[in-house]
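Data file: coords_28.txt. Format and content: compact mmCIF, N, CA and C atoms.
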# COMPACT_ATOMS: atom_id res chain seq x y z
N MET A 1 91.36 -29.32 -19.21
CA MET A 1 92.12 -28.83 -20.33
C MET A 1 91.86 -29.74 -21.54
N PRO A 2 91.19 -29.27 -22.58
CA PRO A 2 90.88 -30.10 -23.73
C PRO A 2 92.13 -30.69 -24.36
N GLY A 3 92.00 -31.94 -24.79
CA GLY A 3 93.12 -32.60 -25.44
C GLY A 3 94.19 -33.08 -24.49
N HIS A 4 93.92 -33.02 -23.21
CA HIS A 4 94.91 -33.38 -22.21
C HIS A 4 94.75 -34.85 -21.83
N THR A 5 95.86 -35.58 -21.82
CA THR A 5 95.87 -36.98 -21.39
C THR A 5 96.81 -37.10 -20.21
N LEU A 6 96.42 -37.84 -19.20
CA LEU A 6 97.24 -38.04 -18.02
C LEU A 6 97.40 -39.53 -17.78
N SER A 7 98.64 -39.97 -17.58
CA SER A 7 98.91 -41.37 -17.26
C SER A 7 99.50 -41.46 -15.88
N LEU A 8 99.02 -42.42 -15.11
CA LEU A 8 99.55 -42.69 -13.77
C LEU A 8 100.02 -44.12 -13.72
N ARG A 9 101.20 -44.34 -13.21
CA ARG A 9 101.78 -45.68 -13.05
C ARG A 9 101.71 -46.51 -14.33
N ALA A 10 101.75 -45.89 -15.44
CA ALA A 10 101.80 -46.51 -16.76
C ALA A 10 100.61 -47.41 -17.08
N ARG A 11 99.86 -47.86 -16.10
CA ARG A 11 98.72 -48.73 -16.40
C ARG A 11 97.40 -47.98 -16.40
N LEU A 12 97.32 -46.86 -15.73
CA LEU A 12 96.09 -46.10 -15.63
C LEU A 12 96.23 -44.82 -16.44
N ARG A 13 95.25 -44.57 -17.33
CA ARG A 13 95.33 -43.40 -18.19
C ARG A 13 93.97 -42.72 -18.21
N TYR A 14 93.97 -41.39 -18.18
CA TYR A 14 92.74 -40.60 -18.23
C TYR A 14 92.77 -39.73 -19.47
N GLU A 15 91.58 -39.48 -20.04
CA GLU A 15 91.51 -38.53 -21.13
C GLU A 15 90.12 -37.92 -21.21
N ARG A 16 90.07 -36.69 -21.72
CA ARG A 16 88.79 -36.03 -21.96
C ARG A 16 88.15 -36.65 -23.18
N ASP A 17 86.83 -36.66 -23.24
CA ASP A 17 86.10 -37.22 -24.37
C ASP A 17 84.93 -36.28 -24.66
N LYS A 18 85.07 -35.48 -25.68
CA LYS A 18 84.06 -34.46 -26.01
C LYS A 18 82.73 -35.07 -26.45
N THR A 19 82.77 -36.20 -27.17
CA THR A 19 81.53 -36.83 -27.61
C THR A 19 80.75 -37.36 -26.42
N LEU A 20 81.44 -38.01 -25.50
CA LEU A 20 80.78 -38.53 -24.30
C LEU A 20 80.29 -37.38 -23.44
N GLU A 21 81.06 -36.30 -23.37
CA GLU A 21 80.64 -35.11 -22.61
C GLU A 21 79.33 -34.56 -23.20
N GLU A 22 79.24 -34.50 -24.51
CA GLU A 22 78.01 -34.02 -25.15
C GLU A 22 76.85 -34.97 -24.88
N ALA A 23 77.10 -36.27 -24.86
CA ALA A 23 76.05 -37.24 -24.56
C ALA A 23 75.54 -37.04 -23.13
N VAL A 24 76.44 -36.80 -22.18
CA VAL A 24 76.05 -36.56 -20.78
C VAL A 24 75.19 -35.30 -20.70
N ARG A 25 75.60 -34.25 -21.38
CA ARG A 25 74.82 -33.00 -21.39
C ARG A 25 73.45 -33.22 -22.03
N CYS A 26 73.42 -34.00 -23.09
CA CYS A 26 72.16 -34.31 -23.78
C CYS A 26 71.20 -35.04 -22.84
N VAL A 27 71.71 -36.02 -22.10
CA VAL A 27 70.88 -36.77 -21.15
C VAL A 27 70.34 -35.82 -20.08
N ALA A 28 71.19 -34.98 -19.52
CA ALA A 28 70.75 -34.03 -18.48
C ALA A 28 69.66 -33.11 -19.03
N ARG A 29 69.86 -32.58 -20.23
CA ARG A 29 68.86 -31.70 -20.85
C ARG A 29 67.55 -32.43 -21.11
N SER A 30 67.65 -33.64 -21.66
CA SER A 30 66.43 -34.36 -22.04
C SER A 30 65.59 -34.76 -20.82
N LEU A 31 66.22 -34.86 -19.66
CA LEU A 31 65.48 -35.20 -18.43
C LEU A 31 65.07 -33.95 -17.65
N GLY A 32 65.40 -32.78 -18.17
CA GLY A 32 65.03 -31.54 -17.49
C GLY A 32 65.83 -31.27 -16.23
N LEU A 33 67.05 -31.81 -16.16
CA LEU A 33 67.91 -31.56 -15.00
C LEU A 33 68.63 -30.23 -15.19
N ASN A 34 67.83 -29.16 -15.26
CA ASN A 34 68.34 -27.83 -15.59
C ASN A 34 69.24 -27.24 -14.52
N TYR A 35 69.23 -27.80 -13.34
CA TYR A 35 70.09 -27.31 -12.27
C TYR A 35 71.55 -27.71 -12.50
N ILE A 36 71.80 -28.65 -13.39
CA ILE A 36 73.17 -29.07 -13.67
C ILE A 36 73.79 -28.08 -14.63
N ASP A 37 74.85 -27.43 -14.19
CA ASP A 37 75.57 -26.45 -15.01
C ASP A 37 76.58 -27.20 -15.87
N PRO A 38 76.33 -27.29 -17.18
CA PRO A 38 77.22 -28.08 -18.04
C PRO A 38 78.65 -27.53 -18.09
N GLU A 39 78.81 -26.25 -17.78
CA GLU A 39 80.16 -25.66 -17.79
C GLU A 39 80.97 -26.08 -16.56
N ARG A 40 80.29 -26.63 -15.56
CA ARG A 40 80.99 -27.07 -14.34
C ARG A 40 80.84 -28.57 -14.12
N LEU A 41 80.58 -29.28 -15.20
CA LEU A 41 80.49 -30.74 -15.17
C LEU A 41 81.47 -31.28 -16.20
N TYR A 42 82.48 -31.98 -15.74
CA TYR A 42 83.52 -32.50 -16.61
C TYR A 42 83.36 -34.01 -16.77
N VAL A 43 83.80 -34.50 -17.91
CA VAL A 43 83.69 -35.92 -18.23
C VAL A 43 85.05 -36.43 -18.67
N ILE A 44 85.49 -37.54 -18.08
CA ILE A 44 86.73 -38.17 -18.50
C ILE A 44 86.50 -39.67 -18.65
N ARG A 45 87.38 -40.28 -19.40
CA ARG A 45 87.43 -41.74 -19.52
C ARG A 45 88.70 -42.20 -18.84
N SER A 46 88.64 -43.36 -18.25
CA SER A 46 89.88 -43.96 -17.72
C SER A 46 90.09 -45.28 -18.43
N TYR A 47 91.34 -45.61 -18.64
CA TYR A 47 91.76 -46.86 -19.27
C TYR A 47 92.74 -47.54 -18.33
N GLY A 48 92.64 -48.84 -18.22
CA GLY A 48 93.59 -49.59 -17.39
C GLY A 48 93.16 -49.72 -15.95
N SER A 49 91.94 -49.34 -15.61
CA SER A 49 91.46 -49.45 -14.24
C SER A 49 91.11 -50.90 -13.91
N ARG A 50 91.36 -51.28 -12.69
CA ARG A 50 90.96 -52.61 -12.22
C ARG A 50 89.67 -52.54 -11.40
N SER A 51 89.06 -51.38 -11.39
CA SER A 51 87.85 -51.16 -10.61
C SER A 51 86.70 -52.02 -11.12
N ARG A 52 85.82 -52.40 -10.21
CA ARG A 52 84.60 -53.11 -10.59
C ARG A 52 83.50 -52.13 -10.98
N ALA A 53 83.73 -50.85 -10.76
CA ALA A 53 82.74 -49.82 -11.09
C ALA A 53 82.70 -49.59 -12.60
N THR A 54 81.59 -49.07 -13.07
CA THR A 54 81.45 -48.68 -14.47
C THR A 54 81.70 -47.19 -14.63
N ALA A 55 81.38 -46.43 -13.59
CA ALA A 55 81.59 -44.98 -13.59
C ALA A 55 81.65 -44.51 -12.15
N ARG A 56 82.22 -43.33 -11.98
CA ARG A 56 82.29 -42.71 -10.65
C ARG A 56 82.09 -41.21 -10.82
N ILE A 57 81.48 -40.59 -9.81
CA ILE A 57 81.34 -39.14 -9.83
C ILE A 57 82.15 -38.57 -8.68
N TYR A 58 82.80 -37.45 -8.95
CA TYR A 58 83.62 -36.77 -7.95
C TYR A 58 83.14 -35.33 -7.84
N MET A 59 83.31 -34.76 -6.67
CA MET A 59 83.08 -33.34 -6.49
C MET A 59 84.37 -32.72 -5.99
N MET A 60 84.52 -31.43 -6.24
CA MET A 60 85.71 -30.70 -5.78
C MET A 60 85.48 -30.36 -4.31
N PRO A 61 86.38 -30.79 -3.42
CA PRO A 61 86.21 -30.50 -1.99
C PRO A 61 86.13 -29.00 -1.71
N SER A 62 85.37 -28.64 -0.69
CA SER A 62 85.14 -27.24 -0.33
C SER A 62 86.42 -26.47 -0.09
N ALA A 63 87.38 -27.07 0.59
CA ALA A 63 88.63 -26.37 0.87
C ALA A 63 89.36 -26.01 -0.42
N TRP A 64 89.38 -26.92 -1.38
CA TRP A 64 90.00 -26.64 -2.68
C TRP A 64 89.25 -25.52 -3.40
N ARG A 65 87.90 -25.59 -3.37
CA ARG A 65 87.11 -24.55 -4.03
C ARG A 65 87.37 -23.19 -3.41
N PHE A 66 87.49 -23.15 -2.09
CA PHE A 66 87.79 -21.90 -1.41
C PHE A 66 89.16 -21.38 -1.83
N ALA A 67 90.16 -22.26 -1.78
CA ALA A 67 91.53 -21.86 -2.12
C ALA A 67 91.64 -21.37 -3.57
N LEU A 68 90.88 -21.98 -4.45
CA LEU A 68 90.94 -21.62 -5.87
C LEU A 68 89.89 -20.59 -6.26
N ASN A 69 89.08 -20.15 -5.29
CA ASN A 69 88.04 -19.16 -5.51
C ASN A 69 87.12 -19.57 -6.66
N MET A 70 86.55 -20.75 -6.54
CA MET A 70 85.67 -21.25 -7.60
C MET A 70 84.42 -21.88 -7.01
N GLY A 71 83.40 -21.98 -7.83
CA GLY A 71 82.14 -22.59 -7.42
C GLY A 71 82.22 -24.11 -7.50
N PRO A 72 81.12 -24.76 -7.21
CA PRO A 72 81.07 -26.22 -7.27
C PRO A 72 81.42 -26.76 -8.65
N VAL A 73 82.15 -27.87 -8.66
CA VAL A 73 82.56 -28.53 -9.90
C VAL A 73 82.38 -30.03 -9.69
N TYR A 74 81.88 -30.70 -10.72
CA TYR A 74 81.72 -32.15 -10.68
C TYR A 74 82.47 -32.78 -11.84
N LEU A 75 82.90 -34.01 -11.63
CA LEU A 75 83.60 -34.76 -12.67
C LEU A 75 83.06 -36.18 -12.67
N ILE A 76 82.69 -36.68 -13.85
CA ILE A 76 82.26 -38.07 -13.98
C ILE A 76 83.35 -38.81 -14.73
N GLU A 77 83.82 -39.89 -14.12
CA GLU A 77 84.82 -40.77 -14.75
C GLU A 77 84.10 -42.01 -15.25
N PHE A 78 84.28 -42.32 -16.52
CA PHE A 78 83.73 -43.55 -17.10
C PHE A 78 84.87 -44.52 -17.29
N ILE A 79 84.76 -45.71 -16.69
CA ILE A 79 85.80 -46.74 -16.78
C ILE A 79 85.57 -47.46 -18.11
N SER A 80 86.43 -47.19 -19.08
CA SER A 80 86.21 -47.65 -20.45
C SER A 80 86.09 -49.16 -20.57
N GLU A 81 86.86 -49.89 -19.79
CA GLU A 81 86.82 -51.35 -19.88
C GLU A 81 85.42 -51.91 -19.61
N ARG A 82 84.65 -51.22 -18.81
CA ARG A 82 83.29 -51.67 -18.49
C ARG A 82 82.22 -50.90 -19.27
N PHE A 83 82.38 -49.59 -19.31
CA PHE A 83 81.37 -48.73 -19.94
C PHE A 83 81.22 -49.01 -21.43
N ASP A 84 82.33 -49.21 -22.12
CA ASP A 84 82.29 -49.36 -23.58
C ASP A 84 81.56 -50.62 -24.04
N ARG A 85 81.43 -51.61 -23.18
CA ARG A 85 80.76 -52.86 -23.54
C ARG A 85 79.24 -52.75 -23.49
N LEU A 86 78.73 -51.69 -22.90
CA LEU A 86 77.29 -51.54 -22.71
C LEU A 86 76.58 -51.11 -23.99
N THR A 87 75.29 -51.41 -24.06
CA THR A 87 74.44 -50.91 -25.14
C THR A 87 74.24 -49.41 -24.92
N PRO A 88 73.75 -48.69 -25.93
CA PRO A 88 73.45 -47.27 -25.71
C PRO A 88 72.50 -47.05 -24.53
N MET A 89 71.49 -47.91 -24.37
CA MET A 89 70.56 -47.77 -23.24
C MET A 89 71.28 -48.05 -21.92
N GLY A 90 72.16 -49.03 -21.90
CA GLY A 90 72.94 -49.31 -20.70
C GLY A 90 73.85 -48.14 -20.34
N LYS A 91 74.45 -47.52 -21.35
CA LYS A 91 75.30 -46.34 -21.11
C LYS A 91 74.46 -45.20 -20.56
N ALA A 92 73.25 -45.02 -21.12
CA ALA A 92 72.36 -43.97 -20.62
C ALA A 92 71.99 -44.21 -19.16
N GLU A 93 71.76 -45.47 -18.79
CA GLU A 93 71.45 -45.79 -17.38
C GLU A 93 72.60 -45.38 -16.47
N VAL A 94 73.81 -45.66 -16.88
CA VAL A 94 74.98 -45.30 -16.07
C VAL A 94 75.07 -43.78 -15.94
N ILE A 95 74.86 -43.08 -17.03
CA ILE A 95 74.91 -41.61 -17.00
C ILE A 95 73.83 -41.06 -16.07
N VAL A 96 72.60 -41.56 -16.21
CA VAL A 96 71.50 -41.10 -15.34
C VAL A 96 71.86 -41.35 -13.88
N HIS A 97 72.36 -42.54 -13.58
CA HIS A 97 72.73 -42.88 -12.21
C HIS A 97 73.73 -41.85 -11.66
N GLU A 98 74.77 -41.55 -12.42
CA GLU A 98 75.78 -40.61 -11.93
C GLU A 98 75.20 -39.20 -11.79
N LEU A 99 74.37 -38.77 -12.73
CA LEU A 99 73.77 -37.44 -12.64
C LEU A 99 72.86 -37.30 -11.42
N LEU A 100 72.19 -38.38 -11.03
CA LEU A 100 71.31 -38.32 -9.86
C LEU A 100 72.07 -38.04 -8.57
N HIS A 101 73.35 -38.30 -8.55
CA HIS A 101 74.16 -38.01 -7.35
C HIS A 101 74.33 -36.50 -7.15
N ILE A 102 74.10 -35.70 -8.20
CA ILE A 102 74.25 -34.25 -8.09
C ILE A 102 72.96 -33.67 -7.52
N PRO A 103 73.03 -32.97 -6.38
CA PRO A 103 71.81 -32.43 -5.78
C PRO A 103 71.28 -31.23 -6.57
N PRO A 104 69.96 -30.98 -6.50
CA PRO A 104 69.37 -29.85 -7.24
C PRO A 104 69.97 -28.49 -6.89
N ALA A 105 70.54 -28.35 -5.71
CA ALA A 105 71.16 -27.08 -5.35
C ALA A 105 72.51 -26.88 -6.06
N PHE A 106 73.02 -27.93 -6.70
CA PHE A 106 74.33 -27.90 -7.36
C PHE A 106 75.34 -27.24 -6.41
N SER A 107 75.34 -27.73 -5.19
CA SER A 107 76.09 -27.11 -4.09
C SER A 107 77.51 -27.63 -3.93
N GLY A 108 77.85 -28.67 -4.66
CA GLY A 108 79.18 -29.25 -4.50
C GLY A 108 79.15 -30.55 -3.73
N GLY A 109 78.02 -30.88 -3.14
CA GLY A 109 77.89 -32.14 -2.42
C GLY A 109 77.45 -33.26 -3.34
N LEU A 110 77.29 -34.45 -2.78
CA LEU A 110 76.82 -35.60 -3.54
C LEU A 110 75.68 -36.28 -2.78
N ARG A 111 74.65 -36.68 -3.50
CA ARG A 111 73.56 -37.46 -2.89
C ARG A 111 74.02 -38.91 -2.74
N PRO A 112 73.68 -39.53 -1.61
CA PRO A 112 74.02 -40.95 -1.44
C PRO A 112 73.00 -41.85 -2.13
N HIS A 113 73.33 -43.12 -2.26
CA HIS A 113 72.36 -44.10 -2.76
C HIS A 113 71.22 -44.19 -1.75
N GLY A 114 70.01 -44.36 -2.24
CA GLY A 114 68.85 -44.44 -1.35
C GLY A 114 67.61 -43.99 -2.09
N ARG A 115 66.79 -43.20 -1.43
CA ARG A 115 65.51 -42.78 -1.99
C ARG A 115 65.65 -41.98 -3.28
N LEU A 116 66.69 -41.17 -3.39
CA LEU A 116 66.85 -40.29 -4.55
C LEU A 116 67.85 -40.79 -5.58
N VAL A 117 68.58 -41.83 -5.25
CA VAL A 117 69.52 -42.45 -6.19
C VAL A 117 69.36 -43.96 -6.03
N ASN A 118 68.58 -44.56 -6.93
CA ASN A 118 68.34 -46.01 -6.84
C ASN A 118 68.01 -46.56 -8.22
N ASP A 119 68.09 -47.88 -8.35
CA ASP A 119 67.90 -48.53 -9.65
C ASP A 119 66.53 -48.29 -10.26
N GLY A 120 65.48 -48.30 -9.44
CA GLY A 120 64.13 -48.07 -9.96
C GLY A 120 63.99 -46.70 -10.59
N LEU A 121 64.46 -45.68 -9.89
CA LEU A 121 64.40 -44.31 -10.41
C LEU A 121 65.26 -44.18 -11.66
N VAL A 122 66.43 -44.80 -11.64
CA VAL A 122 67.32 -44.75 -12.81
C VAL A 122 66.61 -45.34 -14.02
N ARG A 123 65.97 -46.49 -13.86
CA ARG A 123 65.26 -47.13 -14.99
C ARG A 123 64.11 -46.25 -15.50
N ARG A 124 63.33 -45.68 -14.57
CA ARG A 124 62.21 -44.83 -14.98
C ARG A 124 62.70 -43.61 -15.76
N LEU A 125 63.74 -42.97 -15.26
CA LEU A 125 64.25 -41.78 -15.94
C LEU A 125 64.91 -42.14 -17.27
N THR A 126 65.64 -43.24 -17.29
CA THR A 126 66.33 -43.64 -18.53
C THR A 126 65.32 -43.89 -19.65
N SER A 127 64.15 -44.38 -19.32
CA SER A 127 63.13 -44.64 -20.35
C SER A 127 62.66 -43.34 -20.99
N ARG A 128 62.93 -42.19 -20.36
CA ARG A 128 62.52 -40.88 -20.89
C ARG A 128 63.64 -40.16 -21.63
N VAL A 129 64.83 -40.75 -21.69
CA VAL A 129 65.96 -40.11 -22.36
C VAL A 129 65.67 -39.99 -23.85
N ASP A 130 65.94 -38.82 -24.40
CA ASP A 130 65.69 -38.55 -25.81
C ASP A 130 66.50 -39.47 -26.71
N GLU A 131 65.89 -39.89 -27.80
CA GLU A 131 66.53 -40.79 -28.76
C GLU A 131 67.84 -40.21 -29.31
N SER A 132 67.90 -38.89 -29.45
CA SER A 132 69.13 -38.27 -29.97
C SER A 132 70.31 -38.51 -29.03
N CYS A 133 70.04 -38.60 -27.75
CA CYS A 133 71.11 -38.89 -26.78
C CYS A 133 71.60 -40.33 -26.95
N LEU A 134 70.66 -41.24 -27.17
CA LEU A 134 71.04 -42.64 -27.38
C LEU A 134 71.85 -42.80 -28.65
N ARG A 135 71.52 -42.01 -29.68
CA ARG A 135 72.31 -42.07 -30.91
C ARG A 135 73.74 -41.61 -30.66
N LEU A 136 73.91 -40.59 -29.82
CA LEU A 136 75.27 -40.14 -29.47
C LEU A 136 76.04 -41.26 -28.78
N LEU A 137 75.33 -42.10 -28.04
CA LEU A 137 75.98 -43.19 -27.30
C LEU A 137 76.14 -44.47 -28.12
N GLY A 138 75.45 -44.55 -29.26
CA GLY A 138 75.57 -45.74 -30.11
C GLY A 138 76.93 -45.76 -30.76
N GLY A 139 77.56 -46.74 -31.05
CA GLY A 139 78.87 -46.71 -31.72
C GLY A 139 79.94 -45.98 -30.95
N HIS A 140 79.64 -45.53 -29.75
CA HIS A 140 80.63 -44.82 -28.95
C HIS A 140 81.33 -45.82 -28.07
N GLY A 141 82.62 -45.89 -28.19
CA GLY A 141 83.37 -46.85 -27.39
C GLY A 141 84.84 -46.67 -27.62
N GLU A 142 85.61 -47.66 -27.27
CA GLU A 142 87.05 -47.57 -27.43
C GLU A 142 87.38 -47.25 -28.86
N GLY A 143 88.34 -46.37 -29.02
CA GLY A 143 88.75 -45.97 -30.34
C GLY A 143 87.75 -45.03 -30.98
N GLY A 144 86.75 -44.60 -30.22
CA GLY A 144 85.74 -43.68 -30.74
C GLY A 144 86.32 -42.31 -30.95
N SER A 145 85.61 -41.31 -30.54
CA SER A 145 86.04 -39.95 -30.82
C SER A 145 86.68 -39.29 -29.61
N ALA A 146 87.39 -40.05 -28.84
CA ALA A 146 88.06 -39.49 -27.66
C ALA A 146 89.15 -38.53 -28.10
N VAL A 147 89.30 -37.47 -27.35
CA VAL A 147 90.34 -36.49 -27.62
C VAL A 147 91.57 -36.89 -26.83
N THR A 148 92.70 -37.01 -27.50
CA THR A 148 93.93 -37.38 -26.79
C THR A 148 94.95 -36.28 -26.88
Please, can you express the file's structure as structure tokens?
Amino acid sequence: MPGHTLSLRARLRYERDKTLEEAVRCVARSLGLNYIDPERLYVIRSYGSRSRATARIYMMPSAWRFALNMGPVYLIEFISERFDRLTPMGKAEVIVHELLHIPPAFSGGLRPHGRLVNDGLVRRLTSRVDESCLRLLGGHGEGGSAVT
């Protein structure tokens, strides 16, 4: 739901970020990851997380998809405390890493770390990300264009 903010336990807060969502879509397009359906890929930021992660990807469990009569859906959470400190290239690496977890069948599952999701592949692909995507990620950080 655009413009929706959710707070849990007063210390953890989530919000949609349209600029970051567009940057993620730009990265997917520039790498030719055409199997990723941008209408079924959501992007949120979290604030107040104590996680050591920079980002996480989630998929909608099959039972929920069945109950709600919907196709596969993915959500990428960017932990602002860590993600916002990165350079545009560092942010692109994180985005590429999370996108690689989505299988080409866009089936609702997630690829594990290993042959198809690893640092070497992330670096190679990130070097091919279009400059326009990096510009979207430049100056993007806390207090940026997040929708609240």
DSSP alpha helix (DSSP H) selection over range 7-58 of chain A, as a PyMOL selection string:
chain A and resi 18-30
Can you list every residue of range 3-55 of chain A that has an atom at most 7 Å from range 73-94 of chain A, with its nearest atom pair and the distance in Å to one decimal, using all atoms listed in the file, ordered by chain then number, as a tab-separated table?
residue	atom	partner	partner_atom	distance
A:Arg40	C	A:Tyr74	N	4.1
A:Leu41	CA	A:Tyr74	C	4.4
A:Tyr42	N	A:Tyr74	C	4.0
A:Val43	CA	A:Ile76	C	4.6
A:Ile44	C	A:Phe78	N	4.1
A:Arg45	CA	A:Phe78	C	4.4
A:Ser46	N	A:Phe78	C	4.1
A:Tyr47	N	A:Ser80	N	5.2
A:Gly48	N	A:Glu81	N	6.1
A:Ser49	N	A:Glu81	N	6.6
A:Ala53	C	A:Ile79	CA	5.9
A:Thr54	C	A:Ile79	N	4.0
A:Ala55	CA	A:Glu77	C	4.2
Find the residues around range 100-116 of chain A up to 8 Å (only C-alpha atoms counted), leave out those fewer than 3 positions away in its own chain, and share them as a VMD selection string.
chain A and resid 35 to 37 57 59 to 62 71 to 74 96 to 97 121
Based on the backbone DSSP call, show me all residues of chain A assigned strand (DSSP E or B), as number ranges by chain.
A: 5-8, 12-16, 41-47, 55-59, 74-79
Using all atoms listed in the file, which of A:Leu12, A:Ser51, A:Val24, A:Val129 sits nearest Pro38 in chain A?
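Selected residue with least distance to Pro38 in chain A: A:Val24.
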If you measure from CA of Ser30 in chain A to atom C of Asp130 in chain A, what distance in Å do you get, rounded to one decimal?
6.9 Å
Closest of A:Glu39, A:Arg123, A:Glu131, A:Arg56 to Glu98 in chain A, counting all atoms listed in the file, is A:Arg56
So the first atom is CA of Arg124 in chain A and the second is CA of Cys26 in chain A; what is the distance between them in Å, to one decimal place?
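Distance between the two atoms: 16.9 Å.
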Between atom C of Arg128 in chain A and CA of Leu31 in chain A, what is the distance, to one decimal in Å?
6.2 Å
